[in-house]
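Visitor: Quick one, run-v5.cif (mmCIF, C-alpha atoms and all ligand atoms):
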data_protein
#
loop_
_atom_site.group_PDB
_atom_site.id
_atom_site.type_symbol
_atom_site.label_atom_id
_atom_site.label_comp_id
_atom_site.auth_asym_id
_atom_site.auth_seq_id
_atom_site.Cartn_x
_atom_site.Cartn_y
_atom_site.Cartn_z
ATOM 1 C CA MET A 1 0.000 0.000 0.000
ATOM 2 C CA ARG A 2 1.211 3.518 -0.780
ATOM 3 C CA LEU A 3 -0.082 6.133 1.651
ATOM 4 C CA VAL A 4 0.270 9.834 2.291
ATOM 5 C CA LEU A 5 -0.586 11.315 5.710
ATOM 6 C CA ILE A 6 -1.671 14.954 5.713
ATOM 7 C CA GLY A 7 -2.687 16.963 8.759
ATOM 8 C CA PRO A 8 -1.726 19.889 10.941
ATOM 9 C CA PRO A 9 1.261 19.799 13.295
ATOM 10 C CA GLY A 10 0.506 17.478 16.224
ATOM 11 C CA ALA A 11 -2.296 15.613 14.427
ATOM 12 C CA GLY A 12 -0.561 12.347 15.322
ATOM 13 C CA LYS A 13 0.743 11.520 11.840
ATOM 14 C CA GLY A 14 4.136 10.293 13.037
ATOM 15 C CA THR A 15 2.648 8.287 15.904
ATOM 16 C CA GLN A 16 0.058 6.534 13.702
ATOM 17 C CA ALA A 17 2.634 5.974 10.945
ATOM 18 C CA GLY A 18 4.777 4.143 13.507
ATOM 19 C CA VAL A 19 1.906 1.730 14.214
ATOM 20 C CA LEU A 20 0.922 1.261 10.561
ATOM 21 C CA MET A 21 4.461 0.578 9.392
ATOM 22 C CA LYS A 22 4.791 -2.287 11.884
ATOM 23 C CA ASP A 23 1.296 -3.636 11.287
ATOM 24 C CA LEU A 24 1.404 -3.512 7.508
ATOM 25 C CA GLY A 25 5.123 -3.920 6.806
ATOM 26 C CA LEU A 26 5.468 -0.552 5.063
ATOM 27 C CA ILE A 27 8.394 1.848 5.200
ATOM 28 C CA HIS A 28 7.846 5.136 7.039
ATOM 29 C CA VAL A 29 9.183 8.146 5.173
ATOM 30 C CA SER A 30 9.011 11.185 7.459
ATOM 31 C CA THR A 31 10.627 14.268 5.989
ATOM 32 C CA GLY A 32 10.660 15.875 9.451
ATOM 33 C CA ASP A 33 12.611 12.912 10.881
ATOM 34 C CA MET A 34 14.975 12.837 7.896
ATOM 35 C CA LEU A 35 15.692 16.548 8.234
ATOM 36 C CA ARG A 36 16.214 16.270 12.025
ATOM 37 C CA GLU A 37 18.652 13.396 11.372
ATOM 38 C CA SER A 38 20.577 15.612 8.907
ATOM 39 C CA ILE A 39 20.728 18.359 11.533
ATOM 40 C CA LYS A 40 22.040 15.899 14.123
ATOM 41 C CA LYS A 41 24.737 14.700 11.718
ATOM 42 C CA GLY A 42 25.643 18.298 10.819
ATOM 43 C CA THR A 43 25.372 17.715 7.060
ATOM 44 C CA ALA A 44 25.125 20.615 4.582
ATOM 45 C CA LEU A 45 21.401 19.875 4.200
ATOM 46 C CA GLY A 46 20.968 19.835 7.975
ATOM 47 C CA LEU A 47 22.672 23.199 8.380
ATOM 48 C CA LYS A 48 20.400 24.747 5.749
ATOM 49 C CA ALA A 49 17.247 23.075 7.092
ATOM 50 C CA LYS A 50 17.793 24.038 10.735
ATOM 51 C CA GLU A 51 17.148 27.759 10.314
ATOM 52 C CA TYR A 52 13.795 27.112 8.623
ATOM 53 C CA MET A 53 12.705 24.350 11.003
ATOM 54 C CA ASP A 54 13.533 26.200 14.216
ATOM 55 C CA GLN A 55 11.309 29.062 13.036
ATOM 56 C CA GLY A 56 8.515 26.700 12.013
ATOM 57 C CA SER A 57 8.830 27.574 8.308
ATOM 58 C CA LEU A 58 9.055 25.079 5.469
ATOM 59 C CA VAL A 59 12.409 23.971 4.133
ATOM 60 C CA PRO A 60 12.746 24.938 0.416
ATOM 61 C CA ASP A 61 10.918 22.561 -1.916
ATOM 62 C CA GLN A 62 13.908 21.498 -3.993
ATOM 63 C CA LEU A 63 15.812 20.223 -0.925
ATOM 64 C CA VAL A 64 12.922 18.127 0.380
ATOM 65 C CA ILE A 65 11.902 16.852 -3.056
ATOM 66 C CA ALA A 66 15.425 15.525 -3.681
ATOM 67 C CA LEU A 67 15.469 13.841 -0.268
ATOM 68 C CA VAL A 68 12.169 12.024 -0.834
ATOM 69 C CA LYS A 69 12.956 11.036 -4.420
ATOM 70 C CA GLU A 70 16.209 9.419 -3.311
ATOM 71 C CA ARG A 71 14.379 7.509 -0.544
ATOM 72 C CA LEU A 72 11.576 6.258 -2.810
ATOM 73 C CA GLU A 73 14.080 5.010 -5.372
ATOM 74 C CA ARG A 74 15.592 2.578 -2.856
ATOM 75 C CA PRO A 75 14.447 -1.037 -3.406
ATOM 76 C CA ASP A 76 12.555 -1.385 -0.090
ATOM 77 C CA ALA A 77 10.065 1.332 -1.119
ATOM 78 C CA ALA A 78 8.617 -1.133 -3.651
ATOM 79 C CA LYS A 79 6.914 -3.050 -0.791
ATOM 80 C CA GLY A 80 4.853 0.063 0.044
ATOM 81 C CA PHE A 81 5.346 3.234 2.013
ATOM 82 C CA ILE A 82 3.822 5.831 4.308
ATOM 83 C CA LEU A 83 4.728 9.396 3.423
ATOM 84 C CA ASP A 84 4.444 11.493 6.590
ATOM 85 C CA GLY A 85 4.853 15.259 6.216
ATOM 86 C CA PHE A 86 5.330 15.149 2.443
ATOM 87 C CA PRO A 87 3.982 16.579 0.196
ATOM 88 C CA ARG A 88 3.395 19.889 1.950
ATOM 89 C CA THR A 89 3.150 22.321 -0.975
ATOM 90 C CA PRO A 90 1.542 22.151 -4.431
ATOM 91 C CA GLU A 91 5.036 21.943 -5.973
ATOM 92 C CA GLN A 92 5.910 18.933 -3.797
ATOM 93 C CA ALA A 93 2.603 17.243 -4.694
ATOM 94 C CA GLU A 94 3.251 17.734 -8.385
ATOM 95 C CA SER A 95 6.777 16.379 -8.106
ATOM 96 C CA LEU A 96 5.576 13.368 -6.109
ATOM 97 C CA GLY A 97 2.905 12.620 -8.702
ATOM 98 C CA SER A 98 5.366 12.611 -11.578
ATOM 99 C CA THR A 99 8.025 10.647 -9.667
ATOM 100 C CA LEU A 100 5.549 7.918 -8.716
ATOM 101 C CA GLN A 101 4.039 7.825 -12.203
ATOM 102 C CA ALA A 102 7.503 7.324 -13.705
ATOM 103 C CA MET A 103 8.132 4.513 -11.204
ATOM 104 C CA GLY A 104 4.750 2.879 -11.899
ATOM 105 C CA MET A 105 3.836 3.177 -8.203
ATOM 106 C CA PRO A 106 0.744 5.437 -7.917
ATOM 107 C CA LEU A 107 -0.610 6.495 -4.524
ATOM 108 C CA ASP A 108 -3.457 4.424 -3.070
ATOM 109 C CA VAL A 109 -4.854 6.677 -0.335
ATOM 110 C CA VAL A 110 -4.200 10.138 1.091
ATOM 111 C CA LEU A 111 -5.288 10.172 4.747
ATOM 112 C CA TYR A 112 -6.263 13.568 6.091
ATOM 113 C CA PHE A 113 -6.078 13.717 9.904
ATOM 114 C CA LYS A 114 -8.619 16.441 10.699
ATOM 115 C CA THR A 115 -7.723 17.625 14.209
ATOM 116 C CA SER A 116 -9.110 20.258 16.573
ATOM 117 C CA ILE A 117 -6.932 23.130 17.732
ATOM 118 C CA GLN A 118 -7.427 22.165 21.406
ATOM 119 C CA VAL A 119 -6.022 18.697 20.772
ATOM 120 C CA ILE A 120 -3.140 20.058 18.693
ATOM 121 C CA THR A 121 -2.132 22.497 21.416
ATOM 122 C CA ARG A 122 -2.237 19.823 24.145
ATOM 123 C CA ARG A 123 -0.243 17.345 22.089
ATOM 124 C CA LEU A 124 2.478 19.713 20.937
ATOM 125 C CA SER A 125 3.014 21.369 24.313
ATOM 126 C CA GLY A 126 3.325 17.925 25.952
ATOM 127 C CA ARG A 127 5.479 16.256 23.316
ATOM 128 C CA ARG A 128 8.997 15.244 24.318
ATOM 129 C CA ILE A 129 11.500 13.462 22.112
ATOM 130 C CA CYS A 130 14.671 11.573 22.858
ATOM 131 C CA GLY A 131 17.631 13.765 21.918
ATOM 132 C CA GLN A 132 19.577 10.632 20.985
ATOM 133 C CA CYS A 133 17.302 8.085 19.245
ATOM 134 C CA GLY A 134 14.379 10.409 18.403
ATOM 135 C CA LYS A 135 11.661 8.320 20.112
ATOM 136 C CA ASN A 136 8.482 10.285 20.625
ATOM 137 C CA TYR A 137 6.736 10.663 24.035
ATOM 138 C CA HIS A 138 4.012 12.783 25.582
ATOM 139 C CA VAL A 139 4.157 13.942 29.191
ATOM 140 C CA THR A 140 0.659 12.626 29.950
ATOM 141 C CA ASN A 141 -0.527 10.560 26.942
ATOM 142 C CA PHE A 142 2.643 8.479 26.468
ATOM 143 C CA PRO A 143 5.010 9.191 29.364
ATOM 144 C CA PRO A 144 8.344 7.373 29.671
ATOM 145 C CA LYS A 145 8.760 4.902 32.545
ATOM 146 C CA LYS A 146 11.178 7.310 34.238
ATOM 147 C CA THR A 147 10.371 11.025 33.910
ATOM 148 C CA GLY A 148 12.579 12.772 31.336
ATOM 149 C CA ILE A 149 14.483 9.617 30.339
ATOM 150 C CA CYS A 150 14.105 7.593 27.127
ATOM 151 C CA ASP A 151 12.857 4.019 27.715
ATOM 152 C CA VAL A 152 14.835 2.783 24.717
ATOM 153 C CA CYS A 153 18.307 4.298 25.066
ATOM 154 C CA GLY A 154 18.322 6.012 28.491
ATOM 155 C CA SER A 155 19.100 9.459 27.048
ATOM 156 C CA THR A 156 17.504 12.708 28.167
ATOM 157 C CA LEU A 157 14.167 13.745 26.669
ATOM 158 C CA VAL A 158 13.922 17.231 25.211
ATOM 159 C CA GLN A 159 11.267 19.539 23.771
ATOM 160 C CA ARG A 160 11.495 20.029 20.008
ATOM 161 C CA PRO A 161 12.700 23.594 19.273
ATOM 162 C CA ASP A 162 9.656 24.128 17.039
ATOM 163 C CA ASP A 163 7.222 23.077 19.805
ATOM 164 C CA ARG A 164 7.621 26.391 21.640
ATOM 165 C CA GLU A 165 4.298 28.240 21.906
ATOM 166 C CA GLU A 166 5.217 31.129 19.578
ATOM 167 C CA THR A 167 6.592 28.760 16.925
ATOM 168 C CA ILE A 168 3.497 26.533 17.035
ATOM 169 C CA ALA A 169 1.349 29.511 15.991
ATOM 170 C CA HIS A 170 3.585 30.137 12.982
ATOM 171 C CA ARG A 171 3.575 26.429 12.015
ATOM 172 C CA MET A 172 -0.233 26.488 12.045
ATOM 173 C CA GLU A 173 -0.264 29.534 9.743
ATOM 174 C CA VAL A 174 2.200 27.848 7.385
ATOM 175 C CA TYR A 175 0.066 24.702 7.397
ATOM 176 C CA GLU A 176 -3.145 26.604 6.586
ATOM 177 C CA LYS A 177 -1.536 28.608 3.819
ATOM 178 C CA GLN A 178 0.761 26.103 2.133
ATOM 179 C CA THR A 179 -0.403 22.594 2.989
ATOM 180 C CA ALA A 180 -4.176 22.720 3.598
ATOM 181 C CA PRO A 181 -4.866 23.471 -0.120
ATOM 182 C CA LEU A 182 -3.582 19.955 -0.882
ATOM 183 C CA ILE A 183 -6.686 18.537 0.807
ATOM 184 C CA ASP A 184 -8.871 19.886 -2.019
ATOM 185 C CA HIS A 185 -6.320 18.769 -4.563
ATOM 186 C CA TYR A 186 -6.393 15.133 -3.367
ATOM 187 C CA CYS A 187 -10.165 15.271 -2.906
ATOM 188 C CA ARG A 188 -10.498 16.069 -6.604
ATOM 189 C CA THR A 189 -8.292 13.098 -7.528
ATOM 190 C CA GLY A 190 -10.505 10.756 -5.438
ATOM 191 C CA LEU A 191 -7.590 9.696 -3.236
ATOM 192 C CA LEU A 192 -8.565 11.594 -0.086
ATOM 193 C CA ALA A 193 -10.002 9.932 3.009
ATOM 194 C CA GLU A 194 -10.775 12.131 6.007
ATOM 195 C CA VAL A 195 -10.393 10.682 9.516
ATOM 196 C CA SER A 196 -10.418 12.240 12.980
ATOM 197 C CA GLY A 197 -6.966 13.025 14.319
ATOM 198 C CA ASP A 198 -8.620 13.691 17.697
ATOM 199 C CA LEU A 199 -9.098 9.957 18.303
ATOM 200 C CA GLU A 200 -6.822 7.953 20.561
ATOM 201 C CA VAL A 201 -4.114 6.026 18.721
ATOM 202 C CA ALA A 202 -5.763 2.571 18.943
ATOM 203 C CA ASP A 203 -9.225 3.922 18.005
ATOM 204 C CA LEU A 204 -7.873 5.745 14.966
ATOM 205 C CA ASN A 205 -5.955 2.638 13.973
ATOM 206 C CA LYS A 206 -9.209 0.620 14.001
ATOM 207 C CA VAL A 207 -10.910 3.254 11.824
ATOM 208 C CA LEU A 208 -8.011 3.078 9.367
ATOM 209 C CA MET A 209 -8.035 -0.713 9.151
ATOM 210 C CA GLU A 210 -11.780 -0.631 8.354
ATOM 211 C CA LEU A 211 -11.196 2.074 5.768
ATOM 212 C CA PHE A 212 -8.452 0.044 4.053
ATOM 213 C CA LYS A 213 -10.710 -3.025 3.947
ATOM 214 C CA LYS A 214 -13.624 -0.988 2.518
ATOM 215 C CA ARG A 215 -11.323 0.296 -0.195
ATOM 216 C CA GLY A 216 -10.478 -3.253 -1.156
ATOM 217 C CA PHE A 217 -7.028 -3.630 0.385
ATOM 218 C CA ASP A 218 -6.198 -7.035 1.686
ATOM 219 C CA VAL A 219 -4.974 -5.950 5.123
ATOM 220 C CA VAL A 220 -2.525 -8.559 6.385
ATOM 221 C CA LEU A 221 -1.036 -7.703 9.749
ATOM 222 C CA THR A 222 2.711 -8.363 9.850
ATOM 223 C CA SER A 223 2.987 -7.643 13.580
ATOM 224 C CA THR A 224 1.171 -9.247 16.495
ATOM 225 C CA SER A 225 1.998 -6.512 19.044
HETATM 226 P P1 LIG A 301 7.401 17.438 10.904
HETATM 227 O O1 LIG A 301 8.306 16.708 11.793
HETATM 228 O O2 LIG A 301 6.781 16.749 9.750
HETATM 229 O O3 LIG A 301 6.290 18.154 11.824
HETATM 230 P P2 LIG A 301 4.703 18.365 11.634
HETATM 231 O O4 LIG A 301 4.087 18.038 10.344
HETATM 232 O O5 LIG A 301 4.506 19.745 12.130
HETATM 233 O O6 LIG A 301 4.127 17.266 12.482
HETATM 234 P P3 LIG A 301 4.510 16.922 13.916
HETATM 235 O O7 LIG A 301 5.715 16.019 13.933
HETATM 236 O O8 LIG A 301 4.593 18.143 14.783
HETATM 237 O O9 LIG A 301 3.190 16.174 14.398
HETATM 238 P P4 LIG A 301 2.609 14.748 14.077
HETATM 239 O O10 LIG A 301 1.324 14.945 13.346
HETATM 240 O O11 LIG A 301 3.606 13.819 13.475
HETATM 241 O O12 LIG A 301 2.262 14.336 15.560
HETATM 242 P P5 LIG A 301 2.987 13.278 16.513
HETATM 243 O O13 LIG A 301 2.648 11.900 16.077
HETATM 244 O O14 LIG A 301 4.437 13.613 16.712
HETATM 245 O O15 LIG A 301 8.128 18.730 10.304
HETATM 246 C C1 LIG A 301 8.913 19.575 11.114
HETATM 247 C C2 LIG A 301 9.528 20.674 10.249
HETATM 248 O O16 LIG A 301 10.382 20.080 9.232
HETATM 249 C C3 LIG A 301 8.542 21.536 9.441
HETATM 250 O O17 LIG A 301 8.020 22.600 10.206
HETATM 251 C C4 LIG A 301 9.453 22.031 8.298
HETATM 252 O O18 LIG A 301 10.322 23.048 8.716
HETATM 253 C C5 LIG A 301 10.302 20.788 8.005
HETATM 254 N N1 LIG A 301 9.661 19.922 6.986
HETATM 255 C C6 LIG A 301 9.218 18.640 7.157
HETATM 256 N N2 LIG A 301 8.679 18.171 6.030
HETATM 257 C C7 LIG A 301 8.771 19.166 5.108
HETATM 258 C C8 LIG A 301 8.366 19.288 3.757
HETATM 259 N N3 LIG A 301 7.743 18.285 3.122
HETATM 260 N N4 LIG A 301 8.615 20.452 3.110
HETATM 261 C C9 LIG A 301 9.247 21.480 3.728
HETATM 262 N N5 LIG A 301 9.656 21.443 5.016
HETATM 263 C C10 LIG A 301 9.413 20.288 5.711
HETATM 264 O O19 LIG A 301 2.179 13.557 17.876
HETATM 265 C C11 LIG A 301 2.323 14.756 18.624
HETATM 266 C C12 LIG A 301 2.252 14.422 20.124
HETATM 267 O O20 LIG A 301 0.968 13.904 20.441
HETATM 268 C C13 LIG A 301 3.251 13.360 20.569
HETATM 269 O O21 LIG A 301 3.717 13.704 21.836
HETATM 270 C C14 LIG A 301 2.427 12.056 20.615
HETATM 271 O O22 LIG A 301 2.924 11.184 21.609
HETATM 272 C C15 LIG A 301 1.030 12.548 20.933
HETATM 273 N N6 LIG A 301 -0.016 11.815 20.221
HETATM 274 C C16 LIG A 301 0.011 11.511 18.898
HETATM 275 N N7 LIG A 301 -1.116 10.895 18.525
HETATM 276 C C17 LIG A 301 -1.892 10.830 19.636
HETATM 277 C C18 LIG A 301 -3.198 10.320 19.880
HETATM 278 N N8 LIG A 301 -3.919 9.776 18.894
HETATM 279 N N9 LIG A 301 -3.703 10.414 21.124
HETATM 280 C C19 LIG A 301 -2.986 10.984 22.116
HETATM 281 N N10 LIG A 301 -1.743 11.499 21.955
HETATM 282 C C20 LIG A 301 -1.202 11.423 20.717
#
Written as structure tokens, that's how I'd like the structure from this file.

Guide:
Amino acid sequence: MRLVLIGPPGAGKGTQAGVLMKDLGLIHVSTGDMLRESIKKGTALGLKAKEYMDQGSLVPDQLVIALVKERLERPDAAKGFILDGFPRTPEQAESLGSTLQAMGMPLDVVLYFKTSIQVITRRLSGRRICGQCGKNYHVTNFPPKKTGICDVCGSTLVQRPDDREETIAHRMEVYEKQTAPLIDHYCRTGLLAEVSGDLEVADLNKVLMELFKKRGFDVVLTSTS
């Protein structure tokens, strides 16, 4: 299956993608994670991306498009993928369409996580990530076993620089202006499916599994957890 997840910051795209990739055996392509990894490694791309990301603005299209194209051309993408946080502009959507057409791998579904502002605010202000391995937590929804410490690698949890209150407001404006128009675009192509991002992770996952079945996908779970 080839999926795109669209939704405002904090809609739970990354969290749900983590469940779906395990359940369905798909690769998870998160441009946010890829860019944060480049920043951590101090690559030229990371240095350029950091100034945009810290302010909550979008990284220039050509940088992100190249990153995604390279990832989708790797052999494991042929088994199916979840694009999380890409495309985010009309130019990115157009590029994705032509790349996938050339590869003979059209999109199956674009999932729009419609999410209320109250939920977004609560999720982003409570999100903590591991500074080392990147694992995602929430201070109340998904707390670590030991406060402030990653369950997986024992490193310190930090707040993402773009989760500060003033930056969240800017990210929401950027989303409304540059990304929300893609919802209409994918609605016109018949690929869009709207779901509630306000749901708890397991409830949303059930809704998605039903939706995939209704659309004729043979959902075979690859994980029993
Ligand atoms: P990116 O990392 O993609 O950020 P985003 O789209 O703003 O999304 P978030 O990661 O904030 O939220 P999410 O929906 O994944 O929610 P999550 O699952 O973490 O992008 C960051 C930046 O990179 C951009 O601003 C831009 O600068 C750059 N960038 C990335 N892609 C780009 C592109 N294509 N073009 C240009 N620039 C790009 O959940 C949030 C919190 O809520 C977590 O704490 C989680 O534990 C909790 N939670 C999640 N789901 C639930 C649930 N169902 N119930 C209860 N709690 C939940």

Visitor: Using the chain letters and numbers from the file, which residues does the PyMOL selection byres (((chain A and resi 161) around 10) and not hetatm) grab, as a ChimeraX atom specification?

Guide: /A:50,53-56,158-160,162-165,167-168

Visitor: Step by step, gather every atom of ligand LIG 301 (chain A) that the file lists, find the box along x, y and z that holds them, add 6 Å on each side, and finally give centre and edge lengths in Å to one decimal, as AutoDock Vina command-line options.

Guide:
--center_x 3.2 --center_y 16.4 --center_z 12.6 --size_x 26.3 --size_y 25.3 --size_z 31.0

Visitor: Can you work out which residues are within 6 Å of ligand LIG 301 (chain A), considering only C-alpha atoms and all ligand atoms, and then hand them over as a ChimeraX atom specification?

Guide: /A:9-15,31-33,52-53,56-61,64,85-88,123-124,126-127,136-138,141-142,199-201

Visitor: Just how far from atom CA of Leu191 of chain A is atom CA of Val109 of chain A, in Å to one decimal?

Guide: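 Result for atom CA of Val109 of chain A versus atom CA of Leu191 of chain A: 5.0 Å, one decimal.
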
Visitor: Starting from the shown file, work through the PyMOL selection byres (((chain A and resi 205-219) around 8) and not hetatm) and note down what comes out as a PyMOL selection string.

Guide: chain A and resi 1+16+19-20+24+195+201-204+220-221

Visitor: Name the residues that the PyMOL selection byres (((chain A and resi 48) around 10) and not hetatm) pulls out of this structure, and write them as a ChimeraX atom specification.

Guide: /A:35,38-39,42-47,49-53,59-60,63

Visitor: Using all atoms listed in the file, find all polymer residues with an atom at most 12 Å away from the point (-11.7, 16.5, 0.0); report them as number ranges by chain.

Guide: A: 6, 109-114, 180-195

Visitor: Go through A:Arg171, A:Gly80, A:Ala66, A:Glu166 and flag the residue nearest Leu107 of chain A, using all atoms listed in the file for the distances.

Guide: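 Selected residue with least distance to Leu107 of chain A: A:Gly80.
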